[in-house]
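Reading through the structure tokens given below for one structure.
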Amino acid sequence: MTRKLLIIAILVLLGLLAWLLSWTPAGIDGDGDADGPIHRTLDLAAPPTGGDFILDSASGAVDLADLRGNVVLIYFGYTWCPDICPTNLVLIAGALKALTPEELERVQVLFVSVDPERDSAERLAKYSGYFHPKILGLTGTPEQIAAVAKLYGAAYRRTELANSAMGYAVDHSAYSHLVDPQGRLVRNLDHATPSAEIVAAIRDLLAAEMPVRDGGPP
């Protein structure tokens, strides 16, 4: 790890600690139950295969096939998540902030909601934008979400919460799925993968796509 990445990792971890100390399930708009239970991550439902899909954002339909040429990171979660999603999104945002402007242009993060009942496209836009403008919230019908989750092996289940303003939580897997510029799923990053490791994984894929210059190696 270079000195620059080490400094970034330390700063992100300090920011994550401060975030977790102040975070509540209400997140950005003050609704929800700050004293709700901390829920667990699930393992993958099946080995991920990847594949194209179309879901809705606040600005219209998003087709993964239209993102060819970019490195895409896909994360499944929901805006009412009390702990798991904020942890991962803070680390992903830290990685995005460490990229150069030229690198960032070729990277897109897709935050796919596993709670379409409560997560409107508008709410997702507000929530994901709080972390980083390059994180795009996506939703769809329950059937559409289930189909996309199947492609990436994502697991999720609704758990009713007695005596909680949240009503229910959605336990879910917490992997970040890395798709290369050709649209191929190439790596599944574990829950709470450090920002520096996310940066390195993204840069490996971007470097593999760099055109060969005249006089350079074949």
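Identifiers for the structure tokens are assigned positionally: chains receive A, B, ... in sequence, residues are indexed from 1 per chain, and ligands are indexed from 1 in the order shown.
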Inset, instruction - Would you mind writing down, as a ChimeraX atom specification, each residue of stretch 36-68 of chain A that DSSP on the backbone assigns to helix (DSSP H, G or I)? - result: /A:64-67
Write out as a Markdown table the residues of stretch 56-91 of chain A that have any atom within 12 Å of an atom of stretch 185-205 of chain A, one row each with the nearest atom pair and its distance in Å to one decimal, counting only C-alpha atoms, sorted by chain and then rising number.
```
| residue | atom | partner | partner_atom | distance |
| --- | --- | --- | --- | --- |
| A:Leu64 | CA | A:Leu185 | CA | 11.7 |
| A:Gly69 | CA | A:Leu205 | CA | 10.4 |
| A:Asn70 | CA | A:Leu205 | CA | 9.2 |
| A:Val71 | CA | A:Ile202 | CA | 6.8 |
| A:Val72 | CA | A:Ile202 | CA | 8.8 |
| A:Leu73 | CA | A:Ile202 | CA | 8.8 |
| A:Ile74 | CA | A:Asn188 | CA | 9.4 |
| A:Tyr75 | CA | A:Leu189 | CA | 9.8 |
| A:Phe76 | CA | A:His191 | CA | 11.2 |
| A:Gly77 | CA | A:His191 | CA | 11.6 |
| A:Asp83 | CA | A:Ala192 | CA | 11.0 |
| A:Ile84 | CA | A:His191 | CA | 8.1 |
| A:Cys85 | CA | A:His191 | CA | 9.2 |
| A:Pro86 | CA | A:Ala192 | CA | 9.9 |
| A:Thr87 | CA | A:Ala192 | CA | 6.5 |
| A:Asn88 | CA | A:Ala192 | CA | 5.3 |
| A:Leu89 | CA | A:Ala192 | CA | 8.9 |
| A:Val90 | CA | A:Ser195 | CA | 8.7 |
| A:Leu91 | CA | A:Ser195 | CA | 5.1 |
```
Give me, as an mmCIF file with all heavy atoms, in the first residue's frame, all polymer residues having an atom no more than 7 Å from stretch 151-162 of chain A, counting only C-alpha atoms and skipping those fewer than 3 positions away in the same chain.
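File produced: around-v1.cif:
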```cif
data_model
loop_
_atom_site.group_PDB
_atom_site.id
_atom_site.type_symbol
_atom_site.label_atom_id
_atom_site.label_comp_id
_atom_site.auth_asym_id
_atom_site.auth_seq_id
_atom_site.Cartn_x
_atom_site.Cartn_y
_atom_site.Cartn_z
ATOM 1 N N LEU A 42 -26.553 -11.548 5.657
ATOM 2 C CA LEU A 42 -26.812 -12.900 5.176
ATOM 3 C C LEU A 42 -25.705 -13.321 4.226
ATOM 4 O O LEU A 42 -25.050 -12.478 3.606
ATOM 5 C CB LEU A 42 -28.155 -12.953 4.450
ATOM 6 C CG LEU A 42 -29.405 -12.531 5.237
ATOM 7 C CD1 LEU A 42 -30.634 -12.626 4.331
ATOM 8 C CD2 LEU A 42 -29.582 -13.385 6.481
ATOM 9 N N ASP A 43 -25.523 -14.613 4.105
ATOM 10 C CA ASP A 43 -24.606 -15.116 3.095
ATOM 11 C C ASP A 43 -25.287 -15.017 1.734
ATOM 12 O O ASP A 43 -26.496 -14.791 1.639
ATOM 13 C CB ASP A 43 -24.229 -16.562 3.398
ATOM 14 C CG ASP A 43 -22.916 -16.970 2.743
ATOM 15 O OD1 ASP A 43 -22.341 -16.140 2.003
ATOM 16 O OD2 ASP A 43 -22.471 -18.102 2.961
ATOM 17 N N LEU A 44 -24.524 -15.183 0.681
ATOM 18 C CA LEU A 44 -25.107 -15.170 -0.655
ATOM 19 C C LEU A 44 -26.106 -16.312 -0.801
ATOM 20 O O LEU A 44 -25.921 -17.401 -0.249
ATOM 21 C CB LEU A 44 -24.006 -15.305 -1.707
ATOM 22 C CG LEU A 44 -23.075 -14.092 -1.864
ATOM 23 C CD1 LEU A 44 -21.918 -14.442 -2.789
ATOM 24 C CD2 LEU A 44 -23.835 -12.880 -2.399
ATOM 25 N N ALA A 45 -27.165 -16.056 -1.552
ATOM 26 C CA ALA A 45 -28.182 -17.065 -1.758
ATOM 27 C C ALA A 45 -27.713 -18.147 -2.729
ATOM 28 O O ALA A 45 -28.152 -19.296 -2.657
ATOM 29 C CB ALA A 45 -29.459 -16.422 -2.290
ATOM 30 N N ALA A 46 -26.819 -17.764 -3.644
ATOM 31 C CA ALA A 46 -26.299 -18.684 -4.660
ATOM 32 C C ALA A 46 -25.048 -18.059 -5.256
ATOM 33 O O ALA A 46 -24.833 -16.846 -5.118
ATOM 34 C CB ALA A 46 -27.340 -18.934 -5.750
ATOM 35 N N PRO A 47 -24.212 -18.864 -5.918
ATOM 36 C CA PRO A 47 -23.027 -18.269 -6.573
ATOM 37 C C PRO A 47 -23.456 -17.233 -7.602
ATOM 38 O O PRO A 47 -24.282 -17.514 -8.472
ATOM 39 C CB PRO A 47 -22.362 -19.478 -7.245
ATOM 40 C CG PRO A 47 -22.830 -20.659 -6.463
ATOM 41 C CD PRO A 47 -24.235 -20.321 -6.046
ATOM 42 N N PRO A 48 -22.926 -16.013 -7.531
ATOM 43 C CA PRO A 48 -23.310 -14.971 -8.487
ATOM 44 C C PRO A 48 -22.812 -15.283 -9.896
ATOM 45 O O PRO A 48 -21.708 -15.770 -10.082
ATOM 46 C CB PRO A 48 -22.611 -13.712 -7.937
ATOM 47 C CG PRO A 48 -22.230 -14.043 -6.536
ATOM 48 C CD PRO A 48 -21.997 -15.513 -6.507
ATOM 49 N N THR A 49 -23.651 -14.992 -10.874
ATOM 50 C CA THR A 49 -23.254 -15.163 -12.271
ATOM 51 C C THR A 49 -23.148 -13.819 -12.980
ATOM 52 O O THR A 49 -22.436 -13.694 -13.972
ATOM 53 C CB THR A 49 -24.272 -16.036 -13.018
ATOM 54 O OG1 THR A 49 -25.567 -15.433 -12.935
ATOM 55 C CG2 THR A 49 -24.341 -17.432 -12.392
ATOM 56 N N GLY A 50 -23.870 -12.808 -12.486
ATOM 57 C CA GLY A 50 -23.872 -11.513 -13.138
ATOM 58 C C GLY A 50 -24.814 -11.493 -14.325
ATOM 59 O O GLY A 50 -25.445 -12.489 -14.666
ATOM 60 N N GLY A 51 -24.912 -10.338 -14.949
ATOM 61 C CA GLY A 51 -25.770 -10.192 -16.116
ATOM 62 C C GLY A 51 -26.422 -8.829 -16.151
ATOM 63 O O GLY A 51 -26.454 -8.114 -15.147
ATOM 64 N N VAL A 114 -33.467 -3.476 -1.789
ATOM 65 C CA VAL A 114 -34.176 -4.733 -1.554
ATOM 66 C C VAL A 114 -35.456 -4.471 -0.749
ATOM 67 O O VAL A 114 -36.059 -5.392 -0.207
ATOM 68 C CB VAL A 114 -33.275 -5.760 -0.831
ATOM 69 C CG1 VAL A 114 -32.125 -6.186 -1.735
ATOM 70 C CG2 VAL A 114 -32.731 -5.192 0.491
ATOM 71 N N ALA A 147 -35.369 -10.728 -9.568
ATOM 72 C CA ALA A 147 -34.648 -11.224 -10.739
ATOM 73 C C ALA A 147 -33.210 -10.720 -10.760
ATOM 74 O O ALA A 147 -32.275 -11.475 -11.072
ATOM 75 C CB ALA A 147 -35.370 -10.800 -12.020
ATOM 76 N N VAL A 148 -33.011 -9.449 -10.411
ATOM 77 C CA VAL A 148 -31.657 -8.899 -10.379
ATOM 78 C C VAL A 148 -30.858 -9.528 -9.240
ATOM 79 O O VAL A 148 -29.684 -9.877 -9.407
ATOM 80 C CB VAL A 148 -31.695 -7.366 -10.230
ATOM 81 C CG1 VAL A 148 -30.294 -6.807 -10.105
ATOM 82 C CG2 VAL A 148 -32.416 -6.740 -11.420
ATOM 83 N N GLY A 167 -41.401 -0.866 11.684
ATOM 84 C CA GLY A 167 -42.344 -1.856 11.192
ATOM 85 C C GLY A 167 -41.679 -3.172 10.832
ATOM 86 O O GLY A 167 -42.072 -4.240 11.279
ATOM 87 N N TYR A 168 -40.657 -3.085 10.002
ATOM 88 C CA TYR A 168 -39.903 -4.285 9.639
ATOM 89 C C TYR A 168 -38.504 -3.882 9.186
ATOM 90 O O TYR A 168 -38.248 -2.730 8.810
ATOM 91 C CB TYR A 168 -40.601 -5.063 8.521
ATOM 92 C CG TYR A 168 -40.713 -4.344 7.199
ATOM 93 C CD1 TYR A 168 -39.709 -4.452 6.231
ATOM 94 C CD2 TYR A 168 -41.825 -3.552 6.901
ATOM 95 C CE1 TYR A 168 -39.812 -3.789 5.009
ATOM 96 C CE2 TYR A 168 -41.932 -2.901 5.686
ATOM 97 C CZ TYR A 168 -40.924 -3.021 4.742
ATOM 98 O OH TYR A 168 -41.024 -2.364 3.536
ATOM 99 N N ALA A 169 -37.597 -4.838 9.253
ATOM 100 C CA ALA A 169 -36.248 -4.677 8.720
ATOM 101 C C ALA A 169 -36.072 -5.673 7.584
ATOM 102 O O ALA A 169 -36.868 -6.605 7.427
ATOM 103 C CB ALA A 169 -35.203 -4.914 9.805
ATOM 104 N N VAL A 170 -35.043 -5.479 6.784
ATOM 105 C CA VAL A 170 -34.732 -6.415 5.707
ATOM 106 C C VAL A 170 -33.291 -6.887 5.905
ATOM 107 O O VAL A 170 -32.343 -6.151 5.630
ATOM 108 C CB VAL A 170 -34.901 -5.777 4.307
ATOM 109 C CG1 VAL A 170 -34.661 -6.833 3.232
ATOM 110 C CG2 VAL A 170 -36.288 -5.164 4.151
ATOM 111 N N ASP A 171 -33.157 -8.097 6.428
ATOM 112 C CA ASP A 171 -31.822 -8.685 6.511
ATOM 113 C C ASP A 171 -31.350 -8.961 5.087
ATOM 114 O O ASP A 171 -32.138 -9.397 4.240
ATOM 115 C CB ASP A 171 -31.857 -9.999 7.301
ATOM 116 C CG ASP A 171 -32.248 -9.783 8.753
ATOM 117 O OD1 ASP A 171 -31.946 -8.716 9.298
ATOM 118 O OD2 ASP A 171 -32.873 -10.690 9.337
ATOM 119 N N HIS A 172 -30.074 -8.740 4.819
ATOM 120 C CA HIS A 172 -29.606 -8.925 3.438
ATOM 121 C C HIS A 172 -28.112 -9.229 3.397
ATOM 122 O O HIS A 172 -27.386 -8.945 4.350
ATOM 123 C CB HIS A 172 -29.908 -7.685 2.597
ATOM 124 C CG HIS A 172 -29.266 -6.424 3.108
ATOM 125 N ND1 HIS A 172 -28.012 -6.010 2.734
ATOM 126 C CD2 HIS A 172 -29.723 -5.484 3.961
ATOM 127 C CE1 HIS A 172 -27.717 -4.878 3.331
ATOM 128 N NE2 HIS A 172 -28.742 -4.524 4.092
ATOM 129 N N SER A 173 -27.691 -9.811 2.297
ATOM 130 C CA SER A 173 -26.258 -10.007 2.066
ATOM 131 C C SER A 173 -25.633 -8.650 1.809
ATOM 132 O O SER A 173 -26.322 -7.700 1.446
ATOM 133 C CB SER A 173 -26.009 -10.966 0.896
ATOM 134 O OG SER A 173 -26.708 -10.537 -0.266
#
```
Inset, instruction - Would you please give, as a PyMOL selection string, all residues of stretch 22-216 of chain A that DSSP assigns to strand (DSSP E or B) based on the backbone? - result: chain A and resi 41-42+54-57+60-63+71-77+107-113+135-139+156-160+168-173+176-179+185-189
Inset, instruction - Find the spatial neighbours of A:Lys126, counting only C-alpha atoms, within a cut-off of 10 Å - ignore same-chain residues fewer than 3 positions away - and output them as a PyMOL selection string. - result: chain A and resi 28-29+58+79+121-123+129-131+133+136-137
Inset, instruction - Kindly indicate which residue among A:Thr41, A:Glu143, A:Lys134, A:Ser57 lies nearest to A:Arg106, using only C-alpha atoms for the distances. - result: A:Lys134
